[in-house]
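Everything below concerns the one structure shown next.
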Amino acid sequence: MSTKSKALLVFSPAFAADEADTAWLPSLQNFVRALDKNFPQLKVIVFAFQYPHSNQKYSWQKTGVIPFNGLHKKKVSRLMMWVKIFMEVRQIKRSHQVLGILSMWCTECAFVGKYAGRFFRLVHFCWIVGQDARATNSYVKRIRPQPSSLITISDFLVDEFYRNHRIKPLHVIPMGIDISLFGPQPKKDIDVIGAGSLSRLKQYDLFVEIVAKLKKKLPGLTAMLCGDGEDRNRIEEMIRQHSMEEFLALSGHLPYADVLKFMQRSKILLHPSSYEGFGMVCLEALYAGAHVISFTQPMHHDIKNWHVVKTMEEMQAKASELLASSNTLYEPVLVYSMDDTAKAIMNLFAYS
């Protein structure tokens, strides 16, 4: 029997540069934290392909992180990075009993993860979390994954991946939330909130339009939009055009903990994104005691206090109905916990 300590290798495009860096993939940070909490004897090692911009190994809480600073590497330099990744896996195998490799997104990490797993005879799973299920993902043809090696975070992504690539992922394990990050429930003094990257895909122009129309029916309405991104200038101009500066606050980038606090103060999360693998922000809003209204339905079954609509008009009508009713109950709803997510993933690696 091997006396080496057991390790799980997590291949990710990015990871936090330090414990204060909450902006980079907070859901992955929460997942790694849950692994450390539930499996204290397990060594988790993150391979960060693109970010941080460093080549120095470091520790994040109890997790080892190996960054490769590959964001701008092309062709030969990128191939050399992959060679370095193989060399690091070899080195870790000498000192640990490696359970396998978990790759985040079915893109470069899964491509390298699959062939590293094959070369070193390690179990490899790929976690599909959103855009990687789309037809534009050219990596799928190069990876040629087996259904049994694929995990998705939602039923929607199973269907989307199969529709686009004719491969049906076998496992569905949603990203849960870390309930320890939520404080006592404060007063609900924000009627409508939006939170996320201000990209065209997220359609926060519709958020502004809906809030403007809600204000006409509900004069005392207050709203907030948390986030930053490529579409910020256009969103700001829309807010000015509608003279909404006094009741719609555009926060810009905020620390992750601050966003959760604002969610707990909010009654409704409007999530107008045109495409969403699951939307961690929606799960967080539900546990923060807010209702969620979105265009996308992540699971085949209904989720309490999550309202799925088809049009902007339906989204506005549902928000107006909830806010106007004295019977609307704003209560925390825990759909998936990150502890359960960590246990389900490690079950695939036959570790408990």
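Chain labels run A, B, ... following the order of the structure tokens; each chain numbers its residues from 1, and ligands are numbered from 1 in the order shown.
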Listing only residues of range 212-242 of chain A within 10 Å of range 184-190 of chain A, what is the closest atom pair and its distance in Å (to one decimal) for each, using only C-alpha atoms, sorted by chain and residue number ascending, as JSON lines?
```
{"residue": "A:Leu221", "atom": "CA", "partner": "A:Ile190", "partner_atom": "CA", "distance": 7.9}
{"residue": "A:Thr222", "atom": "CA", "partner": "A:Ile190", "partner_atom": "CA", "distance": 5.4}
{"residue": "A:Ala223", "atom": "CA", "partner": "A:Ile190", "partner_atom": "CA", "distance": 5.8}
{"residue": "A:Met224", "atom": "CA", "partner": "A:Ile190", "partner_atom": "CA", "distance": 7.3}
```
Selection export as a compact mmCIF listing (two decimals), in the first residue's frame, atoms kept: C-alpha atoms:
```txt
# COMPACT_ATOMS: atom_id res chain seq x y z
CA LEU A 221 -38.34 51.88 -6.73
CA THR A 222 -34.61 51.56 -6.01
CA ALA A 223 -32.22 49.53 -8.18
CA MET A 224 -28.56 48.62 -8.42
```
Write down as a ChimeraX atom specification the residues of range 35-284 of chain A whose backbone DSSP state falls under helix (DSSP H, G or I). /A:35-38,75-95,108-120,131-133,139-143,147-149,155-165,179-181,200-202,204-217,232-241,256-264,280-284
Secondary structure check, strand (DSSP E) residues of range 158-305 of chain A, as a PyMOL selection string: chain A and resi 171-172+190-195+223-226+248-252+266-271+291-294
Just write the chosen residues, N, CA and C atoms, as an mmCIF file, in the first residue's frame.
```cif
data_model
loop_
_atom_site.group_PDB
_atom_site.id
_atom_site.type_symbol
_atom_site.label_atom_id
_atom_site.label_comp_id
_atom_site.auth_asym_id
_atom_site.auth_seq_id
_atom_site.Cartn_x
_atom_site.Cartn_y
_atom_site.Cartn_z
ATOM 1 N N HIS A 171 -22.438 13.129 -16.536
ATOM 2 C CA HIS A 171 -22.576 13.597 -15.157
ATOM 3 C C HIS A 171 -23.069 15.046 -15.091
ATOM 4 N N VAL A 172 -23.989 15.299 -14.179
ATOM 5 C CA VAL A 172 -24.456 16.658 -13.897
ATOM 6 C C VAL A 172 -24.165 16.962 -12.432
ATOM 7 N N ILE A 190 -33.285 47.355 -1.331
ATOM 8 C CA ILE A 190 -33.040 47.475 -2.769
ATOM 9 C C ILE A 190 -34.092 46.615 -3.473
ATOM 10 N N ASP A 191 -34.878 47.216 -4.337
ATOM 11 C CA ASP A 191 -35.954 46.468 -4.989
ATOM 12 C C ASP A 191 -35.432 45.521 -6.067
ATOM 13 N N VAL A 192 -34.558 46.029 -6.919
ATOM 14 C CA VAL A 192 -34.074 45.242 -8.058
ATOM 15 C C VAL A 192 -32.559 45.352 -8.148
ATOM 16 N N ILE A 193 -31.909 44.220 -8.334
ATOM 17 C CA ILE A 193 -30.454 44.211 -8.501
ATOM 18 C C ILE A 193 -30.083 43.391 -9.728
ATOM 19 N N GLY A 194 -28.983 43.757 -10.348
ATOM 20 C CA GLY A 194 -28.355 42.960 -11.390
ATOM 21 C C GLY A 194 -26.893 42.820 -11.021
ATOM 22 N N ALA A 195 -26.284 41.705 -11.366
ATOM 23 C CA ALA A 195 -24.878 41.498 -11.000
ATOM 24 C C ALA A 195 -24.211 40.598 -12.027
ATOM 25 N N ALA A 223 -32.872 50.608 -7.419
ATOM 26 C CA ALA A 223 -32.224 49.527 -8.176
ATOM 27 C C ALA A 223 -30.719 49.708 -8.155
ATOM 28 N N MET A 224 -30.016 48.605 -8.422
ATOM 29 C CA MET A 224 -28.560 48.623 -8.424
ATOM 30 C C MET A 224 -28.045 47.629 -9.453
ATOM 31 N N LEU A 225 -26.993 48.009 -10.151
ATOM 32 C CA LEU A 225 -26.341 47.123 -11.112
ATOM 33 C C LEU A 225 -24.871 47.008 -10.731
ATOM 34 N N CYS A 226 -24.464 45.804 -10.329
ATOM 35 C CA CYS A 226 -23.089 45.553 -9.878
ATOM 36 C C CYS A 226 -22.304 44.897 -11.009
ATOM 37 N N LEU A 248 -31.012 54.348 -9.909
ATOM 38 C CA LEU A 248 -30.299 53.167 -10.411
ATOM 39 C C LEU A 248 -28.803 53.406 -10.250
ATOM 40 N N ALA A 249 -28.204 52.719 -9.285
ATOM 41 C CA ALA A 249 -26.772 52.871 -9.011
ATOM 42 C C ALA A 249 -25.981 51.856 -9.826
ATOM 43 N N LEU A 250 -24.978 52.346 -10.547
ATOM 44 C CA LEU A 250 -24.055 51.477 -11.280
ATOM 45 C C LEU A 250 -22.752 51.440 -10.495
ATOM 46 N N SER A 251 -22.483 50.318 -9.851
ATOM 47 C CA SER A 251 -21.394 50.251 -8.868
ATOM 48 C C SER A 251 -20.016 50.105 -9.485
ATOM 49 N N GLY A 252 -19.925 49.554 -10.700
ATOM 50 C CA GLY A 252 -18.629 49.153 -11.216
ATOM 51 C C GLY A 252 -18.177 47.879 -10.514
ATOM 52 N N SER A 266 -31.457 42.913 -1.368
ATOM 53 C CA SER A 266 -32.295 43.050 -2.566
ATOM 54 C C SER A 266 -33.485 42.103 -2.549
ATOM 55 N N LYS A 267 -34.544 42.541 -3.221
ATOM 56 C CA LYS A 267 -35.769 41.747 -3.312
ATOM 57 C C LYS A 267 -35.796 40.870 -4.568
ATOM 58 N N ILE A 268 -35.282 41.420 -5.670
ATOM 59 C CA ILE A 268 -35.337 40.699 -6.943
ATOM 60 C C ILE A 268 -34.005 40.827 -7.668
ATOM 61 N N LEU A 269 -33.511 39.696 -8.201
ATOM 62 C CA LEU A 269 -32.372 39.718 -9.127
ATOM 63 C C LEU A 269 -32.927 39.548 -10.533
ATOM 64 N N LEU A 270 -32.712 40.550 -11.375
ATOM 65 C CA LEU A 270 -33.037 40.417 -12.794
ATOM 66 C C LEU A 270 -31.801 39.929 -13.517
ATOM 67 N N HIS A 271 -31.937 38.822 -14.242
ATOM 68 C CA HIS A 271 -30.784 38.234 -14.935
ATOM 69 C C HIS A 271 -31.146 38.069 -16.411
ATOM 70 N N HIS A 291 -35.856 36.908 -5.028
ATOM 71 C CA HIS A 291 -36.425 36.151 -6.140
ATOM 72 C C HIS A 291 -35.559 36.395 -7.368
ATOM 73 N N VAL A 292 -35.488 35.406 -8.260
ATOM 74 C CA VAL A 292 -34.695 35.501 -9.481
ATOM 75 C C VAL A 292 -35.634 35.438 -10.680
ATOM 76 N N ILE A 293 -35.412 36.328 -11.638
ATOM 77 C CA ILE A 293 -36.169 36.292 -12.891
ATOM 78 C C ILE A 293 -35.151 36.244 -14.026
ATOM 79 N N SER A 294 -35.241 35.221 -14.871
ATOM 80 C CA SER A 294 -34.255 35.056 -15.946
ATOM 81 C C SER A 294 -34.919 34.536 -17.211
#
```
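For the atom pair formed by CA of Thr311 in chain A and CA of Tyr336 in chain A, the distance is 27.2 Å, given to one decimal.
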Kindly indicate which residue among A:Gln316, A:Ser326, A:Thr341, A:Ser154 lies nearest to Thr296 in chain A, using only C-alpha atoms for the distances.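 Nearest candidate to Thr296 in chain A out of A:Gln316, A:Ser326, A:Thr341, A:Ser154: A:Ser154.
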Would you please work out which residue, of A:Leu260, A:Lys4, A:Lys215, A:Tyr58, is nearest to Glu246 in chain A when using only C-alpha atoms? A:Lys215
So that I can see what lies close to range 34-45 of chain A, please list as a PyMOL selection string the residues with an atom at most 12 Å from it, counting only C-alpha atoms and leaving out residues fewer than 3 positions away in the same chain. chain A and resi 4-12+15+27-31+48+57-67+88-89+92-93+95-103+175-180+337-347+349+351-352
Output for the residues just chosen: C-alpha atoms as an mmCIF file, in the first residue's frame:
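Dumped to out.cif:
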```cif
data_model
loop_
_atom_site.group_PDB
_atom_site.id
_atom_site.type_symbol
_atom_site.label_atom_id
_atom_site.label_comp_id
_atom_site.auth_asym_id
_atom_site.auth_seq_id
_atom_site.Cartn_x
_atom_site.Cartn_y
_atom_site.Cartn_z
ATOM 1 C CA LYS A 4 2.199 8.824 -0.337
ATOM 2 C CA SER A 5 -0.402 11.476 0.426
ATOM 3 C CA LYS A 6 -3.242 11.706 -2.101
ATOM 4 C CA ALA A 7 -3.577 14.662 -4.441
ATOM 5 C CA LEU A 8 -6.083 16.055 -6.915
ATOM 6 C CA LEU A 9 -4.845 18.186 -9.806
ATOM 7 C CA VAL A 10 -7.186 20.955 -10.956
ATOM 8 C CA PHE A 11 -6.420 22.454 -14.379
ATOM 9 C CA SER A 12 -7.933 25.931 -14.746
ATOM 10 C CA PHE A 15 -6.955 31.300 -10.222
ATOM 11 C CA SER A 27 -16.932 29.873 -7.729
ATOM 12 C CA LEU A 28 -13.700 27.918 -8.294
ATOM 13 C CA GLN A 29 -12.215 29.494 -5.172
ATOM 14 C CA ASN A 30 -15.283 28.384 -3.203
ATOM 15 C CA PHE A 31 -15.031 24.884 -4.681
ATOM 16 C CA ALA A 48 -3.358 28.056 -13.469
ATOM 17 C CA LYS A 57 4.491 28.710 -7.185
ATOM 18 C CA TYR A 58 2.509 29.807 -4.147
ATOM 19 C CA SER A 59 -0.042 28.673 -1.579
ATOM 20 C CA TRP A 60 -3.636 29.865 -1.466
ATOM 21 C CA GLN A 61 -4.962 28.922 1.968
ATOM 22 C CA LYS A 62 -4.152 25.178 2.015
ATOM 23 C CA THR A 63 -4.044 24.804 -1.758
ATOM 24 C CA GLY A 64 -0.881 24.714 -3.843
ATOM 25 C CA VAL A 65 -1.005 26.813 -7.025
ATOM 26 C CA ILE A 66 1.302 26.490 -10.014
ATOM 27 C CA PRO A 67 0.891 29.430 -12.422
ATOM 28 C CA GLU A 88 5.052 19.344 -13.149
ATOM 29 C CA VAL A 89 2.594 16.442 -13.231
ATOM 30 C CA ILE A 92 3.977 15.656 -8.314
ATOM 31 C CA LYS A 93 3.451 11.971 -9.108
ATOM 32 C CA SER A 95 5.782 12.649 -4.190
ATOM 33 C CA HIS A 96 1.998 12.086 -4.165
ATOM 34 C CA GLN A 97 -0.552 9.474 -5.065
ATOM 35 C CA VAL A 98 -2.398 11.470 -7.708
ATOM 36 C CA LEU A 99 -6.105 10.578 -7.892
ATOM 37 C CA GLY A 100 -6.573 12.287 -11.220
ATOM 38 C CA ILE A 101 -7.058 15.540 -13.094
ATOM 39 C CA LEU A 102 -10.126 17.782 -13.059
ATOM 40 C CA SER A 103 -10.151 20.264 -15.956
ATOM 41 C CA MET A 175 -21.672 24.447 -8.650
ATOM 42 C CA GLY A 176 -23.115 25.014 -5.194
ATOM 43 C CA ILE A 177 -22.715 28.033 -2.949
ATOM 44 C CA ASP A 178 -20.678 28.558 0.193
ATOM 45 C CA ILE A 179 -23.258 29.534 2.805
ATOM 46 C CA SER A 180 -20.537 30.619 5.242
ATOM 47 C CA SER A 337 -24.337 23.608 -1.386
ATOM 48 C CA MET A 338 -20.670 23.690 -2.361
ATOM 49 C CA ASP A 339 -19.955 21.032 0.258
ATOM 50 C CA ASP A 340 -22.231 18.652 -1.659
ATOM 51 C CA THR A 341 -20.579 19.682 -4.925
ATOM 52 C CA ALA A 342 -17.126 18.836 -3.556
ATOM 53 C CA LYS A 343 -18.334 15.440 -2.305
ATOM 54 C CA ALA A 344 -19.965 14.608 -5.653
ATOM 55 C CA ILE A 345 -16.805 15.472 -7.597
ATOM 56 C CA MET A 346 -14.580 13.424 -5.304
ATOM 57 C CA ASN A 347 -16.983 10.518 -5.587
ATOM 58 C CA PHE A 349 -12.486 10.028 -8.326
ATOM 59 C CA TYR A 351 -12.332 9.219 -2.911
ATOM 60 C CA SER A 352 -14.391 9.717 0.230
#
```
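Distances from A:His253, A:Arg90, A:Lys213, A:Lys141 to Leu122 in chain A were compared using only C-alpha atoms, and the smallest one belongs to A:Arg90.
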